[in-house]
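Student: Pasting input-v4.cif below, which is mmCIF, C-alpha atoms and all ligand atoms.
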```
data_work
#
loop_
_atom_site.label_atom_id
_atom_site.label_comp_id
_atom_site.auth_asym_id
_atom_site.auth_seq_id
_atom_site.Cartn_x
_atom_site.Cartn_y
_atom_site.Cartn_z
CA MET A 1 165.40 68.44 28.45
CA ARG A 2 164.50 70.64 25.50
CA ARG A 3 161.48 71.87 27.38
CA ALA A 4 163.50 72.62 30.51
CA ALA A 5 166.00 74.66 28.49
CA LEU A 6 163.18 76.54 26.78
CA ILE A 7 161.56 77.36 30.11
CA LEU A 8 164.79 78.53 31.71
CA GLY A 9 165.42 80.75 28.69
CA LEU A 10 161.93 82.19 29.00
CA ALA A 11 162.32 82.76 32.72
CA GLY A 12 165.53 84.67 32.08
CA ALA A 13 163.85 86.76 29.39
CA LEU A 14 161.04 87.56 31.80
CA VAL A 15 163.22 88.54 34.72
CA ALA A 16 165.56 90.77 32.72
CA PRO A 17 163.21 93.57 31.57
CA ALA A 18 161.12 93.64 34.76
CA GLY A 19 162.69 96.84 36.03
CA LEU A 20 161.82 98.71 32.85
CA HIS A 21 158.10 99.07 33.56
CA ALA A 22 157.99 100.22 37.14
CA ASP A 23 154.64 99.90 38.90
CA GLN A 24 152.34 102.83 38.53
CA ALA A 25 151.35 102.88 42.20
CA GLY A 26 147.62 102.62 42.79
CA ASP A 27 145.69 103.77 45.84
CA PRO A 28 144.13 100.76 47.61
CA ALA A 29 141.50 102.88 49.40
CA ALA A 30 140.28 104.32 46.11
CA GLY A 31 140.37 100.80 44.69
CA LYS A 32 138.23 99.46 47.53
CA ALA A 33 135.64 102.14 46.84
CA ALA A 34 135.52 101.02 43.20
CA THR A 35 134.90 97.32 43.91
CA GLY A 36 131.09 97.62 43.97
CA LEU A 37 130.71 95.47 40.88
CA CYS A 38 133.73 93.23 41.38
CA ARG A 39 132.58 91.91 44.78
CA THR A 40 129.61 90.05 43.35
CA CYS A 41 131.97 87.64 41.65
CA HIS A 42 135.44 88.09 43.20
CA GLY A 43 134.45 89.04 46.77
CA LEU A 44 135.66 92.21 48.47
CA ASN A 45 138.92 90.44 49.43
CA GLY A 46 139.39 88.74 46.05
CA TYR A 47 138.21 85.29 47.14
CA ALA A 48 135.90 84.26 44.30
CA ARG A 49 132.24 83.77 45.09
CA ILE A 50 131.30 81.96 41.90
CA PRO A 51 133.16 78.93 40.52
CA ILE A 52 133.97 80.44 37.11
CA ALA A 53 135.67 83.52 38.60
CA PRO A 54 139.32 83.26 39.68
CA HIS A 55 140.61 84.25 43.11
CA ILE A 56 142.51 87.51 42.71
CA GLY A 57 143.23 88.57 46.31
CA GLY A 58 146.97 88.75 46.95
CA GLU A 59 148.01 88.54 43.29
CA HIS A 60 150.89 90.80 42.35
CA PRO A 61 149.51 94.25 41.35
CA SER A 62 151.30 94.19 38.00
CA TYR A 63 149.57 90.91 37.08
CA ILE A 64 146.11 92.24 37.96
CA ARG A 65 146.79 95.48 36.13
CA HIS A 66 148.02 93.68 33.06
CA GLN A 67 144.89 91.49 32.90
CA LEU A 68 142.41 94.35 33.41
CA THR A 69 144.19 96.36 30.73
CA ALA A 70 144.13 93.35 28.40
CA PHE A 71 140.36 92.87 28.91
CA ARG A 72 139.77 96.59 28.36
CA ASP A 73 141.93 96.78 25.24
CA GLY A 74 140.64 93.52 23.77
CA THR A 75 143.86 91.50 23.87
CA ARG A 76 142.17 89.11 26.35
CA VAL A 77 138.50 88.46 25.71
CA HIS A 78 135.81 87.21 28.07
CA GLU A 79 132.07 87.80 27.82
CA ILE A 80 131.86 89.24 31.35
CA MET A 81 135.27 90.79 31.98
CA SER A 82 135.52 92.57 28.63
CA VAL A 83 132.31 94.42 29.48
CA VAL A 84 133.36 95.08 33.09
CA ALA A 85 136.78 96.44 32.12
CA ALA A 86 135.69 98.51 29.10
CA PRO A 87 134.94 101.74 31.03
CA LEU A 88 137.94 101.58 33.42
CA SER A 89 140.60 104.29 33.28
CA ASP A 90 144.30 103.54 33.82
CA ARG A 91 143.96 105.17 37.25
CA GLN A 92 140.97 102.99 38.24
CA ILE A 93 142.83 99.91 37.05
CA ALA A 94 145.87 100.84 39.13
CA ASP A 95 143.69 101.50 42.20
CA LEU A 96 141.70 98.25 41.85
CA SER A 97 144.96 96.33 41.36
CA ALA A 98 146.46 97.92 44.48
CA TRP A 99 143.36 96.98 46.52
CA PHE A 100 143.21 93.32 45.50
CA ALA A 101 147.00 92.93 45.67
CA ALA A 102 147.03 94.23 49.26
CA GLN A 103 144.97 91.27 50.54
CA THR A 104 146.78 88.73 52.69
CA PHE A 105 146.39 85.00 52.22
CA ARG A 106 147.64 81.58 53.27
CA VAL A 107 148.05 78.40 51.27
CA ALA A 108 148.48 74.77 52.27
CA LEU A 109 149.14 71.68 50.21
CA PRO A 110 146.70 68.84 50.92
CA ALA A 111 147.78 66.51 53.75
CA GLY A 112 150.34 63.92 52.64
CA VAL A 113 151.23 65.72 49.41
CA ARG A 114 154.93 66.52 48.88
CA PRO A 115 155.97 69.80 47.21
CA GLU A 116 158.61 67.96 45.17
CA ASP A 117 155.80 66.15 43.34
CA ALA A 118 154.49 69.43 41.90
CA PRO A 119 154.55 69.72 38.09
CA ALA A 120 158.21 70.75 37.69
CA ALA A 121 157.66 72.70 34.48
CA CYS A 122 155.21 74.98 36.29
CA ALA A 123 156.59 75.27 39.81
CA LEU A 124 159.56 77.28 38.54
CA CYS A 125 157.28 80.29 38.08
CA HIS A 126 154.01 79.39 39.83
CA GLY A 127 155.55 77.70 42.89
CA ALA A 128 154.85 74.16 44.10
CA ASP A 129 152.00 75.58 46.19
CA GLY A 130 150.67 77.86 43.47
CA VAL A 131 152.09 81.08 44.89
CA ALA A 132 153.86 82.83 42.02
CA VAL A 133 157.58 83.39 42.32
CA LEU A 134 157.71 85.90 39.46
CA LYS A 135 155.93 89.22 39.69
CA ASP A 136 154.21 88.93 36.32
CA ALA A 137 152.92 85.41 36.97
CA PRO A 138 149.62 84.70 38.71
CA ASN A 139 149.00 82.59 41.78
CA LEU A 140 147.27 79.35 40.86
CA ALA A 141 146.62 78.10 44.42
CA GLY A 142 143.05 76.98 44.92
CA GLU A 143 141.80 78.14 41.52
CA ASN A 144 139.01 76.01 40.13
CA ALA A 145 140.45 73.14 38.02
CA ILE A 146 138.10 74.05 35.19
CA TYR A 147 139.38 77.65 35.21
CA ILE A 148 143.02 76.50 35.02
CA ASP A 149 142.21 73.95 32.33
CA THR A 150 140.33 76.53 30.26
CA GLN A 151 143.12 79.11 30.46
CA LEU A 152 145.79 76.58 29.44
CA LYS A 153 143.71 75.49 26.46
CA ALA A 154 143.14 79.15 25.56
CA PHE A 155 146.93 79.68 25.51
CA ARG A 156 147.35 76.46 23.50
CA THR A 157 144.81 77.45 20.82
CA GLY A 158 145.92 81.10 20.72
CA ARG A 159 142.66 82.52 22.09
CA ARG A 160 144.76 83.96 24.94
CA VAL A 161 148.30 85.00 24.04
CA HIS A 162 151.37 85.50 26.22
CA GLU A 163 155.05 85.34 25.27
CA ILE A 164 155.84 82.86 28.06
CA MET A 165 152.65 80.83 28.46
CA SER A 166 151.76 80.36 24.79
CA PRO A 167 154.88 78.31 23.93
CA ILE A 168 154.63 76.37 27.21
CA ALA A 169 150.96 75.49 26.68
CA ALA A 170 151.61 74.57 23.05
CA GLU A 171 153.62 71.57 24.24
CA LEU A 172 151.14 70.33 26.86
CA SER A 173 148.89 67.33 26.27
CA ASP A 174 145.32 67.27 27.60
CA ALA A 175 146.51 64.85 30.31
CA GLU A 176 149.33 67.18 31.40
CA ILE A 177 146.89 70.09 31.49
CA ARG A 178 144.47 68.08 33.63
CA ALA A 179 147.24 66.97 36.02
CA ALA A 180 148.53 70.54 36.51
CA ALA A 181 144.98 71.88 36.94
CA GLU A 182 144.18 69.25 39.56
CA TRP A 183 147.46 69.84 41.42
CA TYR A 184 146.92 73.57 41.84
CA ALA A 185 143.16 73.31 42.42
CA ALA A 186 143.83 70.97 45.36
CA VAL A 187 145.92 73.59 47.22
CA ARG A 188 143.92 75.12 50.07
CA LEU A 189 143.72 78.89 49.79
CA GLU A 190 142.43 81.21 52.50
CA ILE A 191 142.26 84.94 51.92
CA ASP A 192 141.83 86.98 55.09
CA PRO A 193 138.70 89.11 55.37
CA ALA A 194 139.27 92.54 53.86
CA PRO A 195 140.41 95.17 56.40
C1 LIG A 201 129.75 88.84 36.85
C2 LIG A 201 131.02 88.34 37.41
C3 LIG A 201 132.26 89.22 37.40
C4 LIG A 201 132.37 90.55 37.75
C5 LIG A 201 131.27 91.51 38.15
C6 LIG A 201 133.78 90.85 37.69
N1 LIG A 201 134.50 89.75 37.29
FE1 LIG A 201 136.51 89.65 37.03
N2 LIG A 201 136.32 87.76 36.27
C7 LIG A 201 135.14 87.07 36.16
C8 LIG A 201 135.38 85.84 35.43
C9 LIG A 201 134.33 84.80 35.08
C10 LIG A 201 136.76 85.83 35.11
C11 LIG A 201 137.52 84.75 34.32
C12 LIG A 201 137.69 85.23 32.89
C13 LIG A 201 138.24 84.15 31.98
O1 LIG A 201 137.80 83.00 32.09
O2 LIG A 201 139.10 84.48 31.16
C14 LIG A 201 137.33 87.04 35.68
C15 LIG A 201 138.67 87.40 35.58
C16 LIG A 201 139.22 88.51 36.20
C17 LIG A 201 140.63 88.80 36.27
C18 LIG A 201 141.75 87.94 35.70
C19 LIG A 201 142.30 87.09 36.82
C20 LIG A 201 143.34 86.11 36.40
O3 LIG A 201 143.72 85.28 37.25
O4 LIG A 201 143.79 86.13 35.25
C21 LIG A 201 140.77 89.95 36.98
C22 LIG A 201 142.06 90.66 37.33
C23 LIG A 201 139.43 90.40 37.32
N3 LIG A 201 138.52 89.51 36.84
C24 LIG A 201 139.16 91.56 38.03
C25 LIG A 201 137.88 92.10 38.19
C26 LIG A 201 137.61 93.42 38.72
C27 LIG A 201 138.67 94.38 39.22
C28 LIG A 201 136.25 93.58 38.68
C29 LIG A 201 135.45 94.82 39.06
C30 LIG A 201 135.82 96.05 38.36
C31 LIG A 201 135.68 92.35 38.15
N4 LIG A 201 136.71 91.49 37.85
C32 LIG A 201 134.34 92.10 37.99
C33 LIG A 201 133.92 87.46 36.66
C34 LIG A 201 133.60 88.74 37.09
C1 LIG A 202 158.70 80.99 32.92
C2 LIG A 202 157.60 81.20 33.84
C3 LIG A 202 156.36 80.32 33.71
C4 LIG A 202 156.29 78.95 33.65
C5 LIG A 202 157.42 77.95 33.62
C6 LIG A 202 154.88 78.62 33.63
N1 LIG A 202 154.13 79.76 33.69
FE1 LIG A 202 152.10 79.88 33.71
N2 LIG A 202 152.20 81.91 33.63
C7 LIG A 202 153.36 82.65 33.61
C8 LIG A 202 153.04 84.04 33.40
C9 LIG A 202 154.02 85.19 33.31
C10 LIG A 202 151.63 84.11 33.29
C11 LIG A 202 150.77 85.36 33.05
C12 LIG A 202 150.26 85.36 31.63
C13 LIG A 202 149.49 86.61 31.26
O1 LIG A 202 149.86 87.69 31.72
O2 LIG A 202 148.51 86.47 30.52
C14 LIG A 202 151.14 82.75 33.46
C15 LIG A 202 149.80 82.41 33.43
C16 LIG A 202 149.31 81.13 33.66
C17 LIG A 202 147.92 80.77 33.79
C18 LIG A 202 146.74 81.72 33.75
C19 LIG A 202 146.25 81.91 35.20
C20 LIG A 202 145.16 82.91 35.38
O3 LIG A 202 144.93 83.28 36.54
O4 LIG A 202 144.51 83.29 34.41
C21 LIG A 202 147.85 79.43 34.01
C22 LIG A 202 146.63 78.58 34.22
C23 LIG A 202 149.22 78.94 34.00
N3 LIG A 202 150.09 79.99 33.78
C24 LIG A 202 149.58 77.62 34.19
C25 LIG A 202 150.86 77.13 34.04
C26 LIG A 202 151.19 75.71 34.06
C27 LIG A 202 150.19 74.59 34.28
C28 LIG A 202 152.53 75.62 33.85
C29 LIG A 202 153.36 74.35 33.72
C30 LIG A 202 152.99 73.46 32.63
C31 LIG A 202 153.04 76.98 33.73
N4 LIG A 202 151.99 77.86 33.82
C32 LIG A 202 154.38 77.32 33.56
C33 LIG A 202 154.64 82.16 33.77
C34 LIG A 202 154.99 80.83 33.72
#
```
As structure tokens, please, write out the structure in this file.
Tutor:
Amino acid sequence: MRRAALILGLAGALVAPAGLHADQAGDPAAGKAATGLCRTCHGLNGYARIPIAPHIGGEHPSYIRHQLTAFRDGTRVHEIMSVVAAPLSDRQIADLSAWFAAQTFRVALPAGVRPEDAPAACALCHGADGVAVLKDAPNLAGENAIYIDTQLKAFRTGRRVHEIMSPIAAELSDAEIRAAAEWYAAVRLEIDPAP
């Protein structure tokens, strides 16, 4: 109960200020032209080509932009992405975000699995099928279970910090982390080929 109240409070806090930072609109065509490096790992359409890279096609542009800015500015650290993001300008970040966000995708729960069995504490923002219902939250559908597990543990230890996810992850046991990671990793994700 306490956790549910906490999460609802957080969701309210997140929804309220959303209008304050309006999207700096990026140009998807310019973003596409800048994906030379990104494609090796994330694919041209944002469907990851290596298991450690997340799928980013169809994420909300503000989420992608926030992460690239965090890698560039050092508030999120990763041996590859910190280097990749270091030289990006705000304009390039907006364009790349617009490109990957413009990709269309479909998700499907595994046969026989009921949406109401999704981890309730997560589905509120990430959806039962891993398609985010808040614009600042990422899709989790079809991400590698190890990626999801690693990110949750990073929030729990403070290596990755976010006003919503840090307090949520702080209360999760290893078993709850594994169950949520397995649930979302099992969702089938297809991202259409890039136009
Ligand atoms: C050599 C492989 C590689 C290249 C090249 C690369 N990435 Fe990544 N990217 C990764 C990995 C691995 C992660 C996961 C980082 C982590 O574990 O925190 C990631 C994470 C991200 C994230 C965060 C996604 C999320 O769900 O939080 C975004 C956004 C992203 N990359 C965009 C890009 C863009 C845009 C480019 C090109 C400018 C790019 N990446 C180039 C490997 C790569
Ligand atoms: C109140 C909304 C909310 C709830 C509830 C919530 N999340 Fe999140 N989650 C977010 C937001 C917002 C982010 C983006 C964090 C950032 O920008 O770094 C996020 C990020 C994540 C990420 C990082 C994904 C990536 O691509 O790097 C994972 C994994 C995650 N959440 C898992 C969970 C799980 C598992 C639960 C349930 C135990 C949960 N979340 C509950 C809002 C929420």
Student: Residues contacting ligand LIG 202 (chain A) - anything with an atom at most 6 Å away, using all atoms listed in the file - can you give me those as a PyMOL selection string?
Tutor: chain A and resi 7+10-11+121-122+124-125+136-138+148+151-152+162+164-165+180
Student: List the spatial neighbours of Leu44 of chain A as a VMD selection string - criterion: any atom at most 10 Å away, all atoms listed in the file, same-chain residues fewer than 2 positions off excluded.
Tutor: chain A and resid 32 35 to 42 46 to 49 57 99 to 100 103 193 to 195
Student: Hey, what's within 12 Å of Thr150 of chain A if we count only C-alpha atoms and toss same-chain stuff fewer than 6 positions away? As a tab-separated table (two decimals) with C-alpha atoms, keeping the file's coordinate frame, please?
Tutor:
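Here's the written file selection09.tsv:
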```tsv
chain	number	residue	atom	x	y	z
A	52	ILE	CA	133.97	80.44	37.11
A	53	ALA	CA	135.67	83.52	38.60
A	54	PRO	CA	139.32	83.26	39.68
A	78	HIS	CA	135.81	87.21	28.07
A	143	GLU	CA	141.80	78.14	41.52
A	144	ASN	CA	139.01	76.01	40.13
A	156	ARG	CA	147.35	76.46	23.50
A	157	THR	CA	144.81	77.45	20.82
A	158	GLY	CA	145.92	81.10	20.72
A	159	ARG	CA	142.66	82.52	22.09
A	160	ARG	CA	144.76	83.96	24.94
A	169	ALA	CA	150.96	75.49	26.68
A	174	ASP	CA	145.32	67.27	27.60
A	177	ILE	CA	146.89	70.09	31.49
A	178	ARG	CA	144.47	68.08	33.63
A	180	ALA	CA	148.53	70.54	36.51
A	181	ALA	CA	144.98	71.88	36.94
```
Student: Kindly indicate which residue among A:Thr104, A:Val84, A:Gly58, A:Thr69 lies nearest to ligand LIG 201 (chain A), using all atoms listed in the file for the distances.
Tutor: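 That would be A:Val84, the residue with the smallest distance to ligand LIG 201 (chain A).
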Student: Please indicate the distance in Å from atom CA of Ala179 of chain A to atom CA of Arg76 of chain A, rounded to one decimal place.
Tutor: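 These atoms are spaced 24.7 Å apart.
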Student: Please measure the separation of atom CA of Pro51 of chain A and atom CA of Ala128 of chain A, giving the value in Å to one decimal.
Tutor: 22.5 Å
Student: So the first atom is atom C9 of ligand LIG 201 (chain A) and the second is atom CA of Asp149 of chain A; what is the distance between them in Å, to one decimal place?
Tutor: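 These two atoms are separated by 13.7 Å.
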Student: Between A:Asn45, A:Ser62, A:Ser82, A:Gln67, which is the closest to ligand LIG 201 (chain A) once you count all atoms listed in the file?
Tutor: A:Gln67
Student: Which is closest to Ala30 of chain A among A:Ala98, A:Glu59, A:Lys135, A:Phe71, if we use all atoms listed in the file?
Tutor: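 Answer, going by the shortest atom-to-atom distance: A:Ala98.
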Student: Here is a test: counting all atoms listed in the file, which residue of A:Ser89, A:Ser166, A:Ser173, A:Ser97 is nearest to ligand LIG 201 (chain A)?
Tutor: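 Result for the nearest residue to ligand LIG 201 (chain A): A:Ser97.
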